[in-house]
file model23.cif (mmCIF, C-alpha atoms)
data_query
#
loop_
_atom_site.group_PDB
_atom_site.id
_atom_site.type_symbol
_atom_site.label_atom_id
_atom_site.label_comp_id
_atom_site.auth_asym_id
_atom_site.auth_seq_id
_atom_site.Cartn_x
_atom_site.Cartn_y
_atom_site.Cartn_z
ATOM 1 C CA MET U 1 29.660 31.386 -4.209
ATOM 2 C CA LYS U 2 25.860 31.413 -4.275
ATOM 3 C CA HIS U 3 23.482 30.035 -1.599
ATOM 4 C CA THR U 4 19.714 29.978 -1.233
ATOM 5 C CA TYR U 5 18.026 30.548 2.132
ATOM 6 C CA MET U 6 14.431 30.435 3.329
ATOM 7 C CA VAL U 7 13.240 33.564 5.137
ATOM 8 C CA THR U 8 10.073 33.625 7.231
ATOM 9 C CA GLY U 9 8.373 36.769 8.500
ATOM 10 C CA MET U 10 8.298 38.626 5.186
ATOM 11 C CA THR U 11 4.836 39.938 4.311
ATOM 12 C CA CYS U 12 5.358 42.857 1.902
ATOM 13 C CA ASN U 13 7.811 44.640 -0.381
ATOM 14 C CA GLY U 14 8.998 46.635 2.618
ATOM 15 C CA CYS U 15 10.102 43.386 4.273
ATOM 16 C CA LYS U 16 11.791 42.348 1.044
ATOM 17 C CA ALA U 17 13.737 45.606 0.884
ATOM 18 C CA SER U 18 14.689 45.363 4.572
ATOM 19 C CA VAL U 19 16.125 41.849 4.237
ATOM 20 C CA GLU U 20 18.078 42.757 1.120
ATOM 21 C CA LYS U 21 19.402 45.951 2.753
ATOM 22 C CA HIS U 22 20.672 44.233 5.910
ATOM 23 C CA LEU U 23 22.236 41.298 4.102
ATOM 24 C CA ASN U 24 23.916 43.465 1.470
ATOM 25 C CA ALA U 25 25.472 45.497 4.292
ATOM 26 C CA LEU U 26 27.739 42.571 5.121
ATOM 27 C CA PRO U 27 31.164 42.975 3.409
ATOM 28 C CA GLU U 28 31.298 39.261 2.497
ATOM 29 C CA ILE U 29 28.011 39.519 0.544
ATOM 30 C CA SER U 30 28.161 40.972 -2.953
ATOM 31 C CA ASN U 31 24.479 40.608 -3.741
ATOM 32 C CA ALA U 32 21.333 39.432 -1.983
ATOM 33 C CA ILE U 33 18.061 39.108 -3.928
ATOM 34 C CA VAL U 34 14.774 38.204 -2.228
ATOM 35 C CA ASN U 35 11.937 36.303 -3.900
ATOM 36 C CA LEU U 36 8.909 37.317 -1.847
ATOM 37 C CA ASP U 37 6.566 34.734 -3.371
ATOM 38 C CA LYS U 38 8.900 31.817 -2.585
ATOM 39 C CA LYS U 39 9.944 33.319 0.781
ATOM 40 C CA GLU U 40 13.586 32.834 -0.110
ATOM 41 C CA VAL U 41 16.734 34.841 -0.708
ATOM 42 C CA VAL U 42 19.610 34.067 -3.065
ATOM 43 C CA VAL U 43 22.909 35.295 -1.615
ATOM 44 C CA GLU U 44 26.169 35.740 -3.513
ATOM 45 C CA MET U 45 29.148 35.880 -1.152
ATOM 46 C CA SER U 46 32.903 36.025 -1.447
ATOM 47 C CA GLN U 47 33.334 33.606 1.465
ATOM 48 C CA HIS U 48 30.901 31.360 3.216
ATOM 49 C CA LEU U 49 29.064 32.778 6.219
ATOM 50 C CA PRO U 50 27.266 30.592 8.776
ATOM 51 C CA THR U 51 23.496 31.017 8.974
ATOM 52 C CA ASN U 52 23.701 32.512 12.485
ATOM 53 C CA ALA U 53 25.924 35.303 11.137
ATOM 54 C CA LEU U 54 23.200 36.192 8.638
ATOM 55 C CA GLN U 55 20.539 35.977 11.321
ATOM 56 C CA GLU U 56 22.389 38.450 13.545
ATOM 57 C CA VAL U 57 22.149 41.280 10.997
ATOM 58 C CA LEU U 58 18.441 40.777 10.313
ATOM 59 C CA PRO U 59 15.636 42.337 12.401
ATOM 60 C CA GLU U 60 14.067 39.953 14.935
ATOM 61 C CA LYS U 61 10.858 39.479 12.930
ATOM 62 C CA PHE U 62 12.775 37.597 10.213
ATOM 63 C CA LEU U 63 14.051 34.038 10.550
ATOM 64 C CA ILE U 64 16.568 32.778 8.010
ATOM 65 C CA LYS U 65 17.563 29.172 7.453
ATOM 66 C CA GLU U 66 19.390 27.320 4.719
ATOM 67 C CA LYS U 67 17.153 25.770 2.094
ATOM 68 C CA THR U 68 17.366 21.980 1.922
ATOM 69 C CA GLU U 69 16.694 20.243 -1.373
ATOM 70 C CA THR U 70 13.831 17.768 -1.398
ATOM 71 C CA ASN U 71 14.423 14.422 -3.009
ATOM 72 C CA VAL U 72 11.471 14.333 -5.390
ATOM 73 C CA PHE U 73 11.882 10.626 -6.137
ATOM 74 C CA SER U 74 12.054 9.727 -2.445
ATOM 75 C CA ALA U 75 8.987 11.825 -1.655
ATOM 76 C CA SER U 76 7.138 10.267 -4.560
ATOM 77 C CA THR U 77 8.028 6.752 -3.365
ATOM 78 C CA LYS U 78 6.846 7.476 0.171
ATOM 79 C CA GLU U 79 3.575 8.892 -1.141
ATOM 80 C CA GLU U 80 3.102 5.872 -3.392
ATOM 81 C CA ASN U 81 3.752 3.435 -0.523
ATOM 82 C CA LYS U 82 1.334 5.363 1.674
ATOM 83 C CA SER U 83 -1.272 5.235 -1.074
ATOM 84 C CA ILE U 84 -0.886 1.468 -1.548
ATOM 85 C CA LEU U 85 -1.187 0.819 2.198
ATOM 86 C CA LYS U 86 -4.316 2.952 2.265
ATOM 87 C CA GLN U 87 -5.802 0.982 -0.637
ATOM 88 C CA LEU U 88 -4.940 -2.345 1.012
ATOM 89 C CA TYR U 89 -6.471 -1.319 4.358
ATOM 90 C CA PRO U 90 -9.796 -3.152 3.657
ATOM 91 C CA LEU U 91 -7.869 -6.344 2.863
ATOM 92 C CA PHE U 92 -5.845 -6.177 6.077
ATOM 93 C CA LEU U 93 -8.994 -5.404 8.066
ATOM 94 C CA ILE U 94 -10.855 -8.391 6.628
ATOM 95 C CA PHE U 95 -7.901 -10.687 7.392
ATOM 96 C CA LEU U 96 -7.842 -9.380 10.958
ATOM 97 C CA PHE U 97 -11.549 -10.054 11.468
ATOM 98 C CA ILE U 98 -11.367 -13.528 9.886
ATOM 99 C CA THR U 99 -8.381 -14.434 12.060
ATOM 100 C CA GLY U 100 -10.094 -13.084 15.169
ATOM 101 C CA ALA U 101 -13.282 -15.043 14.453
ATOM 102 C CA ALA U 102 -11.329 -18.274 13.834
ATOM 103 C CA VAL U 103 -9.408 -17.782 17.108
ATOM 104 C CA LEU U 104 -12.604 -17.204 19.097
ATOM 105 C CA LEU U 105 -14.288 -20.266 17.591
ATOM 106 C CA ASN U 106 -11.397 -22.447 18.773
ATOM 107 C CA PHE U 107 -10.379 -20.530 21.893
ATOM 108 C CA LYS U 108 -11.556 -23.126 24.409
ATOM 109 C CA SER U 109 -10.468 -26.218 22.527
ATOM 110 C CA LYS U 110 -7.147 -24.697 21.389
ATOM 111 C CA ASN U 111 -7.476 -26.867 18.276
ATOM 112 C CA LEU U 112 -5.015 -25.715 15.598
ATOM 113 C CA THR U 113 -6.630 -27.828 12.884
ATOM 114 C CA GLY U 114 -10.029 -26.430 13.811
ATOM 115 C CA PHE U 115 -8.610 -22.909 13.654
ATOM 116 C CA MET U 116 -7.203 -23.478 10.152
ATOM 117 C CA LEU U 117 -10.438 -25.044 8.884
ATOM 118 C CA ASP U 118 -12.520 -22.181 10.272
ATOM 119 C CA PHE U 119 -10.063 -19.599 8.924
ATOM 120 C CA MET U 120 -10.197 -21.112 5.442
ATOM 121 C CA GLY U 121 -13.965 -21.481 5.572
ATOM 122 C CA LEU U 122 -14.513 -17.876 6.662
ATOM 123 C CA PHE U 123 -11.926 -16.707 4.128
ATOM 124 C CA TYR U 124 -13.828 -18.312 1.255
ATOM 125 C CA ILE U 125 -17.259 -17.180 2.458
ATOM 126 C CA VAL U 126 -16.242 -13.548 2.976
ATOM 127 C CA PHE U 127 -14.203 -13.242 -0.210
ATOM 128 C CA SER U 128 -16.893 -14.922 -2.325
ATOM 129 C CA PHE U 129 -19.455 -12.451 -0.935
ATOM 130 C CA PHE U 130 -17.559 -9.484 -2.403
ATOM 131 C CA LYS U 131 -17.233 -11.264 -5.739
ATOM 132 C CA PHE U 132 -20.998 -11.895 -5.903
ATOM 133 C CA LEU U 133 -21.647 -8.139 -5.580
ATOM 134 C CA ASP U 134 -20.423 -7.732 -9.167
ATOM 135 C CA LEU U 135 -20.003 -11.148 -10.727
ATOM 136 C CA LYS U 136 -19.332 -9.890 -14.252
ATOM 137 C CA GLY U 137 -16.917 -7.210 -13.063
ATOM 138 C CA PHE U 138 -15.012 -9.782 -11.029
ATOM 139 C CA SER U 139 -14.803 -12.141 -14.006
ATOM 140 C CA ASN U 140 -13.374 -9.398 -16.229
ATOM 141 C CA SER U 141 -10.743 -8.463 -13.628
ATOM 142 C CA PHE U 142 -9.918 -12.066 -12.724
ATOM 143 C CA LYS U 143 -9.091 -13.125 -16.284
ATOM 144 C CA MET U 144 -6.459 -10.378 -16.446
ATOM 145 C CA TYR U 145 -4.097 -12.451 -14.300
ATOM 146 C CA ASP U 146 -5.543 -15.921 -13.652
ATOM 147 C CA PRO U 147 -4.201 -18.263 -16.390
ATOM 148 C CA LEU U 148 -7.281 -20.536 -16.431
ATOM 149 C CA ALA U 149 -9.812 -17.672 -16.381
ATOM 150 C CA GLY U 150 -7.866 -16.051 -19.219
ATOM 151 C CA LYS U 151 -8.411 -19.122 -21.413
ATOM 152 C CA ILE U 152 -11.871 -20.198 -20.189
ATOM 153 C CA SER U 153 -14.028 -17.112 -19.562
ATOM 154 C CA VAL U 154 -16.827 -19.074 -17.867
ATOM 155 C CA TYR U 155 -14.350 -20.107 -15.138
ATOM 156 C CA GLY U 156 -14.329 -16.517 -13.835
ATOM 157 C CA LEU U 157 -18.118 -16.613 -13.476
ATOM 158 C CA VAL U 158 -18.053 -20.004 -11.743
ATOM 159 C CA TYR U 159 -15.126 -19.222 -9.420
ATOM 160 C CA PRO U 160 -17.134 -17.392 -6.693
ATOM 161 C CA PHE U 161 -19.494 -20.377 -6.489
ATOM 162 C CA ILE U 162 -16.482 -22.680 -6.050
ATOM 163 C CA GLU U 163 -15.206 -20.446 -3.230
ATOM 164 C CA LEU U 164 -18.619 -20.419 -1.557
ATOM 165 C CA ALA U 165 -18.871 -24.212 -1.753
ATOM 166 C CA LEU U 166 -15.355 -24.659 -0.348
ATOM 167 C CA GLY U 167 -16.151 -22.258 2.487
ATOM 168 C CA LEU U 168 -19.218 -24.303 3.434
ATOM 169 C CA PHE U 169 -17.247 -27.550 3.186
ATOM 170 C CA PHE U 170 -14.592 -26.290 5.612
ATOM 171 C CA LEU U 171 -17.062 -24.811 8.101
ATOM 172 C CA MET U 172 -19.286 -27.921 8.025
ATOM 173 C CA ARG U 173 -16.253 -30.269 8.081
ATOM 174 C CA PHE U 174 -17.567 -31.970 4.937
ATOM 175 C CA GLN U 175 -15.272 -33.735 2.422
ATOM 176 C CA ILE U 176 -12.232 -31.916 3.824
ATOM 177 C CA PRO U 177 -9.546 -33.820 1.824
ATOM 178 C CA ILE U 178 -11.295 -33.011 -1.469
ATOM 179 C CA ALA U 179 -11.742 -29.371 -0.441
ATOM 180 C CA LEU U 180 -8.048 -29.143 0.444
ATOM 181 C CA VAL U 181 -6.949 -30.563 -2.900
ATOM 182 C CA ILE U 182 -9.242 -28.185 -4.809
ATOM 183 C CA THR U 183 -7.879 -25.287 -2.724
ATOM 184 C CA ILE U 184 -4.299 -26.135 -3.650
ATOM 185 C CA ILE U 185 -5.202 -26.441 -7.341
ATOM 186 C CA ILE U 186 -7.289 -23.285 -7.831
ATOM 187 C CA LEU U 187 -5.181 -21.037 -5.599
ATOM 188 C CA GLY U 188 -2.011 -22.536 -7.072
ATOM 189 C CA ILE U 189 -3.157 -21.535 -10.577
ATOM 190 C CA THR U 190 -4.046 -18.032 -9.393
ATOM 191 C CA THR U 191 -0.737 -17.660 -7.552
ATOM 192 C CA ILE U 192 1.160 -18.486 -10.748
ATOM 193 C CA GLY U 193 -0.694 -15.674 -12.511
ATOM 194 C CA VAL U 194 -0.131 -13.273 -9.604
ATOM 195 C CA THR U 195 3.591 -14.092 -9.573
ATOM 196 C CA GLN U 196 3.907 -13.435 -13.317
ATOM 197 C CA THR U 197 2.075 -10.131 -12.916
ATOM 198 C CA LEU U 198 4.375 -9.010 -10.101
ATOM 199 C CA ILE U 199 7.506 -10.069 -11.998
ATOM 200 C CA ASN U 200 6.378 -8.183 -15.105
ATOM 201 C CA LYS U 201 5.478 -5.200 -12.882
ATOM 202 C CA LYS U 202 2.077 -4.832 -14.507
ATOM 203 C CA SER U 203 -0.306 -2.390 -12.858
ATOM 204 C CA ILE U 204 -3.685 -4.155 -12.699
ATOM 205 C CA GLN U 205 -6.525 -4.480 -10.243
ATOM 206 C CA CYS U 206 -6.660 -7.443 -7.882
ATOM 207 C CA ALA U 207 -10.006 -9.250 -8.017
ATOM 208 C CA CYS U 208 -9.693 -10.976 -4.622
ATOM 209 C CA LEU U 209 -12.414 -8.710 -3.197
ATOM 210 C CA GLY U 210 -14.313 -8.443 -6.453
ATOM 211 C CA SER U 211 -14.595 -5.186 -8.364
ATOM 212 C CA VAL U 212 -16.405 -3.259 -5.626
ATOM 213 C CA LEU U 213 -13.234 -2.546 -3.631
ATOM 214 C CA LYS U 214 -10.428 -1.318 -5.882
ATOM 215 C CA LEU U 215 -7.277 -3.108 -4.749
ATOM 216 C CA PRO U 216 -3.943 -2.975 -6.580
ATOM 217 C CA MET U 217 -2.157 -6.204 -7.413
ATOM 218 C CA THR U 218 0.654 -6.367 -4.841
ATOM 219 C CA LYS U 219 2.706 -8.867 -2.851
ATOM 220 C CA ALA U 220 -0.184 -8.955 -0.348
ATOM 221 C CA THR U 221 -2.229 -10.872 -2.942
ATOM 222 C CA PHE U 222 0.574 -13.413 -3.313
ATOM 223 C CA ILE U 223 0.853 -13.731 0.483
ATOM 224 C CA GLU U 224 -2.875 -14.294 1.034
ATOM 225 C CA ASN U 225 -2.936 -17.121 -1.517
ATOM 226 C CA SER U 226 0.265 -18.614 -0.127
ATOM 227 C CA ILE U 227 -1.168 -18.713 3.416
ATOM 228 C CA MET U 228 -4.200 -20.677 2.215
ATOM 229 C CA ILE U 229 -2.071 -23.071 0.157
ATOM 230 C CA ILE U 230 0.326 -23.700 3.063
ATOM 231 C CA MET U 231 -2.587 -24.382 5.424
ATOM 232 C CA ALA U 232 -4.106 -26.809 2.927
ATOM 233 C CA ILE U 233 -0.814 -28.669 2.480
ATOM 234 C CA ILE U 234 -0.231 -28.901 6.258
ATOM 235 C CA MET U 235 -3.682 -30.367 6.828
ATOM 236 C CA LEU U 236 -3.332 -32.839 3.979
ATOM 237 C CA ILE U 237 -0.005 -34.044 5.342
ATOM 238 C CA SER U 238 -1.270 -34.255 8.935
ATOM 239 C CA ASN U 239 -4.262 -36.292 7.836
#
call {"tool": "encode", "arguments": {"input": "model23.cif", "output": "structure tokens"}}
result
Amino acid sequence: MKHTYMVTGMTCNGCKASVEKHLNALPEISNAIVNLDKKEVVVEMSQHLPTNALQEVLPEKFLIKEKTETNVFSASTKEENKSILKQLYPLFLIFLFITGAAVLLNFKSKNLTGFMLDFMGLFYIVFSFFKFLDLKGFSNSFKMYDPLAGKISVYGLVYPFIELALGLFFLMRFQIPIALVITIIILGITTIGVTQTLINKKSIQCACLGSVLKLPMTKATFIENSIMIIMAIIMLISN
């Protein structure tokens, strides 16, 4: 049987020879070959020996332990998830600040409707700001997944202005029912496109924060739209 072990403490060919010599002295081991660059030793043995038995015959400066195989796919998935979370950090941060501002504006009155109106207003104002930084770039990204923008290119250029207007309507408490209906329509259309993109597992850039901040299209995009739509529906029903 053949086993591979990691060996620390080896620094030169003398160390390599010493490890091989001591391991090959064991009667159960037929051959032990050290790879100095990889810091590992491949041991052929007639019967399995525990790692502590191998450690006992080696000088104290060397530490031997069994090599564990790394699941490349698992490691890749973890790295990918970490990367996505890192990319979405600006989005989460903006949501946190918008929520905090809406809470503070309605802290004394404890008005849930006021909180939702302020949240939606701030949401539109902040998100439209990032789109205005590169209006053409946003339009090009937006039409990749929004069904209406894909058919009518001018809609992508007008969309940030619609968001800005809706934000002002909510914050100023002006024509709220109309603003709520428009919110459900435009975000509903976008959500359909986002859902299709996620189902088809397409890798495209989300345009929610314009083209300045590179965000991947993920479930977070679907969630952010859904929150706004749910708020709009609740307020329409309550009114």
call {"tool": "resolve_selection", "arguments": {"input": "model23.cif", "expression": "the PyMOL selection byres ((chain U and resi 42) around 8)", "output": "count of residues only"}}
result
11
call {"tool": "closest_residue", "arguments": {"input": "model23.cif", "among": "U:Pro59, U:Gly100, U:Pro90, U:Pro147", "to": "Gly193 (chain U)", "atoms": "all atoms listed in the file"}}
result
U:Pro147
call {"tool": "resolve_selection", "arguments": {"input": "model23.cif", "expression": "the PyMOL selection byres ((chain U and resi 30) around 6)", "output": "tab-separated table (two decimals) with C-alpha atoms, in the frame of the given file"}}
result
chain	number	residue	atom	x	y	z
U	29	ILE	CA	28.01	39.52	0.54
U	31	ASN	CA	24.48	40.61	-3.74
U	44	GLU	CA	26.17	35.74	-3.51
U	45	MET	CA	29.15	35.88	-1.15
call {"tool": "closest_residue", "arguments": {"input": "model23.cif", "among": "U:Lys110, U:Lys39, U:His22, U:Lys67", "to": "Ala53 (chain U)", "atoms": "all atoms listed in the file"}}
result
U:His22
call {"tool": "atom_distance", "arguments": {"input": "model23.cif", "atom1": "CA of Val7 (chain U)", "atom2": "CA of Leu63 (chain U)"}}
result
5.5 Å
call {"tool": "closest_residue", "arguments": {"input": "model23.cif", "among": "U:Thr190, U:Phe170, U:Pro27, U:Lys108", "to": "Asp146 (chain U)", "atoms": "all atoms listed in the file"}}
result
U:Thr190
